[in-house]
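Structure file input22.cif; described as mmCIF, N, CA and C atoms.
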```cif
data_protein
#
loop_
_atom_site.label_atom_id
_atom_site.label_comp_id
_atom_site.auth_asym_id
_atom_site.auth_seq_id
_atom_site.Cartn_x
_atom_site.Cartn_y
_atom_site.Cartn_z
N MET A 18 17.60 -36.03 39.99
CA MET A 18 16.18 -35.75 39.99
C MET A 18 15.92 -34.26 40.28
N LYS A 19 16.66 -33.72 41.27
CA LYS A 19 16.50 -32.31 41.61
C LYS A 19 16.87 -31.43 40.42
N GLN A 20 17.90 -31.81 39.73
CA GLN A 20 18.37 -31.02 38.59
C GLN A 20 17.31 -31.00 37.47
N ILE A 21 16.63 -32.10 37.27
CA ILE A 21 15.57 -32.17 36.24
C ILE A 21 14.42 -31.25 36.62
N ILE A 22 14.03 -31.27 37.91
CA ILE A 22 12.92 -30.42 38.38
C ILE A 22 13.30 -28.95 38.24
N ILE A 23 14.51 -28.60 38.62
CA ILE A 23 14.97 -27.21 38.50
C ILE A 23 15.00 -26.78 37.04
N THR A 24 15.45 -27.65 36.16
CA THR A 24 15.50 -27.34 34.73
C THR A 24 14.09 -27.12 34.18
N VAL A 25 13.14 -27.98 34.57
CA VAL A 25 11.77 -27.85 34.09
C VAL A 25 11.15 -26.55 34.61
N LEU A 26 11.37 -26.24 35.89
CA LEU A 26 10.82 -25.00 36.46
C LEU A 26 11.43 -23.78 35.80
N SER A 27 12.72 -23.81 35.54
CA SER A 27 13.38 -22.69 34.88
C SER A 27 12.85 -22.49 33.47
N ALA A 28 12.70 -23.59 32.74
CA ALA A 28 12.17 -23.50 31.38
C ALA A 28 10.74 -22.97 31.38
N THR A 29 9.93 -23.40 32.34
CA THR A 29 8.55 -22.92 32.44
C THR A 29 8.52 -21.42 32.73
N ALA A 30 9.39 -20.98 33.62
CA ALA A 30 9.45 -19.55 33.95
C ALA A 30 9.87 -18.73 32.73
N LEU A 31 10.86 -19.23 31.98
CA LEU A 31 11.31 -18.52 30.79
C LEU A 31 10.22 -18.46 29.72
N ILE A 32 9.50 -19.54 29.54
CA ILE A 32 8.42 -19.55 28.55
C ILE A 32 7.33 -18.57 28.97
N GLY A 33 7.02 -18.54 30.26
CA GLY A 33 6.01 -17.61 30.75
C GLY A 33 6.42 -16.17 30.53
N CYS A 34 7.68 -15.85 30.74
CA CYS A 34 8.18 -14.49 30.51
C CYS A 34 8.15 -14.15 29.03
N ALA A 35 8.48 -15.10 28.19
CA ALA A 35 8.54 -14.85 26.75
C ALA A 35 7.15 -14.60 26.18
N LYS A 36 6.12 -15.21 26.74
CA LYS A 36 4.78 -15.08 26.20
C LYS A 36 4.06 -13.84 26.71
N SER A 37 4.59 -13.18 27.75
CA SER A 37 3.89 -12.02 28.29
C SER A 37 3.89 -10.88 27.28
N ALA A 38 2.84 -10.10 27.31
CA ALA A 38 2.68 -8.99 26.36
C ALA A 38 3.73 -7.93 26.62
N PRO A 39 4.20 -7.26 25.58
CA PRO A 39 5.19 -6.22 25.79
C PRO A 39 4.59 -5.06 26.58
N GLU A 40 5.44 -4.44 27.37
CA GLU A 40 5.01 -3.30 28.17
C GLU A 40 4.65 -2.13 27.25
N PRO A 41 3.55 -1.43 27.53
CA PRO A 41 3.24 -0.26 26.71
C PRO A 41 4.24 0.86 26.99
N GLU A 42 4.41 1.74 26.03
CA GLU A 42 5.30 2.89 26.23
C GLU A 42 4.80 3.71 27.40
N ASP A 43 5.72 4.22 28.20
CA ASP A 43 5.36 5.04 29.34
C ASP A 43 4.98 6.45 28.92
N PHE A 44 5.34 6.83 27.72
CA PHE A 44 4.99 8.15 27.21
C PHE A 44 4.87 8.08 25.70
N GLU A 45 4.10 9.01 25.16
CA GLU A 45 3.90 9.07 23.71
C GLU A 45 4.42 10.41 23.22
N ILE A 46 5.34 10.38 22.28
CA ILE A 46 5.89 11.62 21.71
C ILE A 46 4.88 12.17 20.72
N VAL A 47 4.49 13.44 20.94
CA VAL A 47 3.50 14.06 20.06
C VAL A 47 4.09 15.16 19.18
N ASN A 48 5.28 15.63 19.52
CA ASN A 48 5.89 16.70 18.72
C ASN A 48 7.41 16.62 18.84
N GLN A 49 8.09 16.83 17.72
CA GLN A 49 9.54 16.92 17.70
C GLN A 49 9.90 17.96 16.66
N GLN A 50 10.79 18.86 17.06
CA GLN A 50 11.06 20.00 16.19
C GLN A 50 12.54 20.38 16.29
N LEU A 51 13.21 20.44 15.14
CA LEU A 51 14.61 20.85 15.07
C LEU A 51 14.67 22.26 14.48
N ARG A 52 15.36 23.14 15.19
CA ARG A 52 15.60 24.49 14.68
C ARG A 52 17.11 24.70 14.59
N THR A 53 17.53 25.31 13.49
CA THR A 53 18.96 25.55 13.29
C THR A 53 19.18 27.02 12.99
N ILE A 54 20.39 27.48 13.35
CA ILE A 54 20.76 28.87 13.09
C ILE A 54 22.29 28.96 13.06
N THR A 55 22.78 29.93 12.33
CA THR A 55 24.22 30.21 12.32
C THR A 55 24.41 31.56 13.01
N ASP A 56 25.26 31.58 14.05
CA ASP A 56 25.45 32.84 14.78
C ASP A 56 26.40 33.77 14.04
N ASN A 57 26.67 34.93 14.61
CA ASN A 57 27.51 35.96 13.96
C ASN A 57 28.93 35.49 13.71
N ASP A 58 29.43 34.57 14.52
CA ASP A 58 30.79 34.04 14.36
C ASP A 58 30.86 32.90 13.35
N GLY A 59 29.72 32.50 12.79
CA GLY A 59 29.69 31.42 11.81
C GLY A 59 29.49 30.05 12.41
N ALA A 60 29.29 29.98 13.74
CA ALA A 60 29.06 28.69 14.40
C ALA A 60 27.63 28.22 14.11
N LYS A 61 27.51 26.94 13.83
CA LYS A 61 26.20 26.35 13.54
C LYS A 61 25.59 25.86 14.86
N LEU A 62 24.42 26.40 15.21
CA LEU A 62 23.73 26.07 16.45
C LEU A 62 22.44 25.31 16.13
N PHE A 63 21.97 24.54 17.09
CA PHE A 63 20.71 23.82 16.92
C PHE A 63 19.96 23.76 18.24
N SER A 64 18.66 23.56 18.12
CA SER A 64 17.79 23.36 19.27
C SER A 64 16.77 22.31 18.86
N TYR A 65 16.63 21.26 19.67
CA TYR A 65 15.72 20.17 19.34
C TYR A 65 14.72 20.01 20.49
N LEU A 66 13.46 20.17 20.20
CA LEU A 66 12.40 20.10 21.20
C LEU A 66 11.58 18.84 20.98
N VAL A 67 11.38 18.08 22.05
CA VAL A 67 10.54 16.88 22.01
C VAL A 67 9.48 17.02 23.09
N THR A 68 8.22 16.87 22.70
CA THR A 68 7.09 17.00 23.62
C THR A 68 6.34 15.69 23.68
N VAL A 69 5.93 15.31 24.90
CA VAL A 69 5.16 14.08 25.09
C VAL A 69 3.73 14.42 25.47
N LYS A 70 2.87 13.46 25.23
CA LYS A 70 1.46 13.60 25.57
C LYS A 70 1.30 13.33 27.07
N ALA A 71 0.49 14.16 27.71
CA ALA A 71 0.19 13.93 29.12
C ALA A 71 -0.60 12.63 29.22
N GLY A 72 -0.17 11.69 30.07
CA GLY A 72 -0.72 10.35 30.04
C GLY A 72 -1.94 10.07 30.88
N SER A 73 -2.05 10.62 32.07
CA SER A 73 -3.11 10.18 32.97
C SER A 73 -4.49 10.71 32.60
N GLU A 74 -4.56 11.73 31.75
CA GLU A 74 -5.87 12.28 31.39
C GLU A 74 -6.74 11.27 30.66
N LYS A 75 -6.13 10.31 29.97
CA LYS A 75 -6.94 9.36 29.20
C LYS A 75 -7.78 8.46 30.10
N LEU A 76 -7.36 8.29 31.36
CA LEU A 76 -8.15 7.49 32.29
C LEU A 76 -9.26 8.30 32.96
N ILE A 77 -9.09 9.59 33.03
CA ILE A 77 -10.03 10.42 33.77
C ILE A 77 -11.17 10.83 32.84
N ASN A 78 -12.36 10.47 33.24
CA ASN A 78 -13.56 10.82 32.49
C ASN A 78 -14.44 11.63 33.44
N LYS A 79 -14.64 12.89 33.15
CA LYS A 79 -15.37 13.77 34.06
C LYS A 79 -16.86 13.50 34.07
N LYS A 80 -17.36 12.73 33.11
CA LYS A 80 -18.79 12.46 33.02
C LYS A 80 -19.24 11.33 33.93
N ARG A 81 -18.30 10.52 34.43
CA ARG A 81 -18.67 9.41 35.30
C ARG A 81 -17.57 9.17 36.32
N GLN A 82 -17.90 8.43 37.37
CA GLN A 82 -16.90 8.09 38.38
C GLN A 82 -15.98 7.00 37.85
N LEU A 83 -14.75 7.01 38.37
CA LEU A 83 -13.80 5.97 37.99
C LEU A 83 -14.14 4.66 38.69
N THR A 84 -13.88 3.56 38.02
CA THR A 84 -14.05 2.25 38.64
C THR A 84 -12.84 1.98 39.53
N LYS A 85 -12.96 0.96 40.37
CA LYS A 85 -11.84 0.61 41.26
C LYS A 85 -10.60 0.23 40.46
N SER A 86 -10.79 -0.51 39.38
CA SER A 86 -9.63 -0.92 38.58
C SER A 86 -8.97 0.30 37.91
N GLU A 87 -9.78 1.26 37.48
CA GLU A 87 -9.21 2.47 36.88
C GLU A 87 -8.44 3.29 37.91
N ILE A 88 -8.97 3.35 39.14
CA ILE A 88 -8.28 4.07 40.22
C ILE A 88 -6.96 3.39 40.53
N LYS A 89 -6.96 2.06 40.63
CA LYS A 89 -5.71 1.32 40.89
C LYS A 89 -4.70 1.56 39.78
N LYS A 90 -5.16 1.51 38.53
CA LYS A 90 -4.26 1.74 37.39
C LYS A 90 -3.69 3.15 37.43
N LEU A 91 -4.52 4.12 37.78
CA LEU A 91 -4.09 5.51 37.86
C LEU A 91 -3.05 5.70 38.96
N LEU A 92 -3.25 5.03 40.10
CA LEU A 92 -2.29 5.15 41.20
C LEU A 92 -0.96 4.46 40.89
N LYS A 93 -0.99 3.36 40.12
CA LYS A 93 0.23 2.65 39.77
C LYS A 93 1.03 3.36 38.69
N GLN A 94 0.32 4.13 37.87
CA GLN A 94 0.95 4.79 36.73
C GLN A 94 1.91 5.89 37.21
N GLU A 95 3.10 5.89 36.65
CA GLU A 95 4.06 6.94 36.98
C GLU A 95 3.63 8.25 36.34
N ASN A 96 3.70 9.32 37.11
CA ASN A 96 3.38 10.63 36.59
C ASN A 96 4.62 11.18 35.91
N PHE A 97 4.51 11.55 34.66
CA PHE A 97 5.67 11.99 33.89
C PHE A 97 6.33 13.21 34.52
N VAL A 98 5.54 14.13 35.01
CA VAL A 98 6.07 15.38 35.57
C VAL A 98 6.93 15.09 36.80
N ASP A 99 6.55 14.08 37.59
CA ASP A 99 7.25 13.77 38.84
C ASP A 99 8.29 12.66 38.72
N SER A 100 8.40 12.02 37.57
CA SER A 100 9.26 10.85 37.43
C SER A 100 10.58 11.20 36.75
N SER A 101 11.64 11.16 37.51
CA SER A 101 12.95 11.45 36.91
C SER A 101 13.38 10.32 35.96
N SER A 102 12.96 9.08 36.22
CA SER A 102 13.36 7.98 35.33
C SER A 102 12.68 8.11 33.97
N LEU A 103 11.40 8.52 33.94
CA LEU A 103 10.73 8.72 32.66
C LEU A 103 11.37 9.88 31.90
N LYS A 104 11.75 10.92 32.62
CA LYS A 104 12.38 12.07 31.98
C LYS A 104 13.74 11.69 31.39
N LEU A 105 14.49 10.88 32.12
CA LEU A 105 15.78 10.43 31.59
C LEU A 105 15.59 9.53 30.37
N ASP A 106 14.55 8.70 30.40
CA ASP A 106 14.25 7.87 29.23
C ASP A 106 13.93 8.75 28.03
N LEU A 107 13.13 9.79 28.25
CA LEU A 107 12.79 10.70 27.15
C LEU A 107 14.03 11.44 26.67
N GLU A 108 14.89 11.84 27.58
CA GLU A 108 16.11 12.54 27.20
C GLU A 108 17.00 11.66 26.32
N ASP A 109 17.13 10.39 26.68
CA ASP A 109 17.90 9.45 25.88
C ASP A 109 17.29 9.27 24.50
N LYS A 110 15.96 9.11 24.47
CA LYS A 110 15.27 8.93 23.19
C LYS A 110 15.41 10.19 22.33
N ALA A 111 15.31 11.37 22.96
CA ALA A 111 15.43 12.63 22.22
C ALA A 111 16.83 12.78 21.65
N ALA A 112 17.86 12.36 22.40
CA ALA A 112 19.23 12.45 21.90
C ALA A 112 19.43 11.55 20.68
N LEU A 113 18.84 10.36 20.70
CA LEU A 113 18.94 9.47 19.54
C LEU A 113 18.20 10.06 18.33
N GLN A 114 17.03 10.62 18.58
CA GLN A 114 16.26 11.22 17.49
C GLN A 114 16.96 12.46 16.94
N LEU A 115 17.59 13.25 17.83
CA LEU A 115 18.35 14.42 17.39
C LEU A 115 19.48 13.99 16.46
N ASP A 116 20.20 12.96 16.84
CA ASP A 116 21.30 12.46 16.02
C ASP A 116 20.79 12.07 14.63
N ALA A 117 19.69 11.35 14.59
CA ALA A 117 19.12 10.92 13.31
C ALA A 117 18.66 12.13 12.48
N GLU A 118 18.06 13.10 13.13
CA GLU A 118 17.56 14.29 12.43
C GLU A 118 18.71 15.13 11.88
N LEU A 119 19.78 15.28 12.65
CA LEU A 119 20.94 16.05 12.17
C LEU A 119 21.59 15.35 10.97
N LYS A 120 21.65 14.03 11.00
CA LYS A 120 22.21 13.29 9.86
C LYS A 120 21.31 13.42 8.64
N LYS A 121 20.01 13.31 8.87
CA LYS A 121 19.05 13.40 7.77
C LYS A 121 19.13 14.78 7.09
N LYS A 122 19.26 15.82 7.88
CA LYS A 122 19.33 17.18 7.32
C LYS A 122 20.76 17.55 6.92
N ASN A 123 21.72 16.64 7.20
CA ASN A 123 23.13 16.87 6.87
C ASN A 123 23.61 18.20 7.47
N TYR A 124 23.27 18.42 8.74
CA TYR A 124 23.56 19.71 9.38
C TYR A 124 24.93 19.73 10.04
N CYS A 125 25.24 18.82 10.91
CA CYS A 125 26.55 18.76 11.57
C CYS A 125 27.33 17.61 10.93
N GLN A 126 28.21 17.93 9.96
CA GLN A 126 28.90 16.87 9.24
C GLN A 126 29.88 16.10 10.13
N ASP A 127 30.67 16.80 10.93
CA ASP A 127 31.68 16.13 11.75
C ASP A 127 31.05 15.56 13.03
N SER A 128 30.81 16.41 13.98
CA SER A 128 30.20 16.00 15.24
C SER A 128 29.54 17.23 15.86
N TYR A 129 28.95 17.03 17.02
CA TYR A 129 28.26 18.12 17.70
C TYR A 129 28.32 17.93 19.20
N GLN A 130 28.00 18.99 19.92
CA GLN A 130 27.97 18.95 21.37
C GLN A 130 26.60 19.44 21.84
N ILE A 131 25.97 18.69 22.71
CA ILE A 131 24.75 19.17 23.37
C ILE A 131 25.22 19.95 24.59
N GLU A 132 24.95 21.23 24.61
CA GLU A 132 25.44 22.10 25.68
C GLU A 132 24.42 22.39 26.75
N GLU A 133 23.13 22.22 26.42
CA GLU A 133 22.10 22.54 27.40
C GLU A 133 20.91 21.61 27.23
N VAL A 134 20.39 21.15 28.36
CA VAL A 134 19.18 20.34 28.38
C VAL A 134 18.20 21.07 29.29
N LYS A 135 17.05 21.47 28.72
CA LYS A 135 16.04 22.20 29.48
C LYS A 135 14.77 21.40 29.54
N TRP A 136 14.22 21.27 30.75
CA TRP A 136 12.99 20.53 30.97
C TRP A 136 11.83 21.46 31.23
N ARG A 137 10.69 21.11 30.68
CA ARG A 137 9.40 21.70 31.06
C ARG A 137 8.55 20.52 31.48
N ASP A 138 7.30 20.76 31.82
CA ASP A 138 6.45 19.68 32.33
C ASP A 138 6.42 18.46 31.42
N TYR A 139 6.14 18.66 30.14
CA TYR A 139 6.00 17.54 29.22
C TYR A 139 6.91 17.66 28.01
N SER A 140 8.04 18.32 28.15
CA SER A 140 8.95 18.44 27.01
C SER A 140 10.40 18.58 27.49
N VAL A 141 11.31 18.30 26.56
CA VAL A 141 12.73 18.49 26.80
C VAL A 141 13.31 19.17 25.56
N ARG A 142 14.22 20.12 25.80
CA ARG A 142 14.88 20.83 24.71
C ARG A 142 16.39 20.58 24.83
N LEU A 143 16.98 20.05 23.74
CA LEU A 143 18.42 19.82 23.67
C LEU A 143 19.00 20.89 22.76
N SER A 144 19.92 21.68 23.29
CA SER A 144 20.52 22.75 22.50
C SER A 144 22.03 22.56 22.46
N GLY A 145 22.64 22.94 21.34
CA GLY A 145 24.08 22.77 21.22
C GLY A 145 24.63 23.39 19.96
N ARG A 146 25.84 22.94 19.62
CA ARG A 146 26.53 23.47 18.44
C ARG A 146 27.31 22.38 17.74
N CYS A 147 27.53 22.62 16.45
CA CYS A 147 28.32 21.69 15.65
C CYS A 147 29.80 21.92 15.90
N ASP A 148 30.60 20.86 15.83
CA ASP A 148 32.07 20.94 15.98
C ASP A 148 32.71 21.06 14.63
N GLU A 149 32.54 22.17 13.97
CA GLU A 149 33.11 22.34 12.61
C GLU A 149 33.99 23.54 12.56
#
```
Will you turn the file into structure tokens for me?
Amino acid sequence: MKQIIITVLSATALIGCAKSAPEPEDFEIVNQQLRTITDNDGAKLFSYLVTVKAGSEKLINKKRQLTKSEIKKLLKQENFVDSSSLKLDLEDKAALQLDAELKKKNYCQDSYQIEEVKWRDYSVRLSGRCDE
């Protein structure tokens, strides 16, 4: 009897999780730009910049006061500038997009190395060279 109750409760919990709405993206990418250059030694270099939209401004309306629910949502929302986990998520996403962009442009045929990752408030720049 206990096993049946546990099975029913587990199935109910799984169904409830499956029906919940997907989490919205924590950031929105607004710009991505690949720049390439060949240096004097013939090495192929690249720089890939990804910029995200600042998120909390959409809740702030200067013409009226915020409601309690808007204030709670604003306090719960992670600030991109202060969140290392959001920045790491963006860095991972930027690395995947860089790989796709390099393949699309047929720039680094063999492989490549990302040698530098630079952060600004709402952007990350991945710079490196091709292994050719």
Residues matched by the PyMOL selection byres (((chain A and resi 126 and name CA) around 12) and name CA) as JSON, numbers by chain = {"A": [61, 116, 119, 120, 121, 122, 123, 124, 125, 127, 128, 129, 146, 147, 148, 149]}
Could you take the residues named above and write them with N, CA and C atoms, as a compact mmCIF listing (two decimals), in the coordinates of the input?
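Generated output (again_25.txt):
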```txt
# COMPACT_ATOMS: atom_id res chain seq x y z
N LYS A 61 27.51 26.94 13.83
CA LYS A 61 26.20 26.35 13.54
C LYS A 61 25.59 25.86 14.86
N ASP A 116 20.20 12.96 16.84
CA ASP A 116 21.30 12.46 16.02
C ASP A 116 20.79 12.07 14.63
N LEU A 119 19.78 15.28 12.65
CA LEU A 119 20.94 16.05 12.17
C LEU A 119 21.59 15.35 10.97
N LYS A 120 21.65 14.03 11.00
CA LYS A 120 22.21 13.29 9.86
C LYS A 120 21.31 13.42 8.64
N LYS A 121 20.01 13.31 8.87
CA LYS A 121 19.05 13.40 7.77
C LYS A 121 19.13 14.78 7.09
N LYS A 122 19.26 15.82 7.88
CA LYS A 122 19.33 17.18 7.32
C LYS A 122 20.76 17.55 6.92
N ASN A 123 21.72 16.64 7.20
CA ASN A 123 23.13 16.87 6.87
C ASN A 123 23.61 18.20 7.47
N TYR A 124 23.27 18.42 8.74
CA TYR A 124 23.56 19.71 9.38
C TYR A 124 24.93 19.73 10.04
N CYS A 125 25.24 18.82 10.91
CA CYS A 125 26.55 18.76 11.57
C CYS A 125 27.33 17.61 10.93
N ASP A 127 30.67 16.80 10.93
CA ASP A 127 31.68 16.13 11.75
C ASP A 127 31.05 15.56 13.03
N SER A 128 30.81 16.41 13.98
CA SER A 128 30.20 16.00 15.24
C SER A 128 29.54 17.23 15.86
N TYR A 129 28.95 17.03 17.02
CA TYR A 129 28.26 18.12 17.70
C TYR A 129 28.32 17.93 19.20
N ARG A 146 25.84 22.94 19.62
CA ARG A 146 26.53 23.47 18.44
C ARG A 146 27.31 22.38 17.74
N CYS A 147 27.53 22.62 16.45
CA CYS A 147 28.32 21.69 15.65
C CYS A 147 29.80 21.92 15.90
N ASP A 148 30.60 20.86 15.83
CA ASP A 148 32.07 20.94 15.98
C ASP A 148 32.71 21.06 14.63
N GLU A 149 32.54 22.17 13.97
CA GLU A 149 33.11 22.34 12.61
C GLU A 149 33.99 23.54 12.56
```
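By chain and then residue number, the residues within 8 Å of Glu133 in chain A are Arg142, Leu143, Ser144, Gly145 and Arg146 of chain A, counting all atoms listed in the file and disregarding those fewer than 6 positions away in sequence.
We find atom C of Thr68 in chain A and CA of Ile54 in chain A to be spaced 22.2 Å apart.
With only C-alpha atoms as the atoms that count, the minimum distance from Leu51 in chain A to the choices A:Leu66, A:Lys135, A:Leu113, A:Ile88 is reached by A:Leu66.
Across the structure, CA of Ser86 in chain A and CA of Leu105 in chain A are spaced 28.7 Å apart.
The spacing separating CA of Leu62 in chain A from CA of Asp106 in chain A amounts to 24.2 Å.
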Just need the box for range 56-63 of chain A, edges along x, y and z, holding every atom the file lists for it with 5 Å tacked onto each side, so centre and edge lengths in Å to one decimal, as lines of an AutoDock Vina configuration file.
```
center_x = 25.4
center_y = 29.9
center_z = 15.0
size_x = 20.9
size_y = 22.2
size_z = 16.4
```
inquiry  = Taking 4 positions as the minimum chain separation for residues in the same chain, which residues sit within 7 Å of Val47 in chain A when counting only N, CA and C atoms? Answer as a ChimeraX atom specification.
reply    = /A:67-70
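Proximity to Ile46 in chain A was assessed for A:Glu87, A:Glu108, A:Glu118, A:Glu132 counting only C-alpha atoms; the smallest distance is recorded for A:Glu108.
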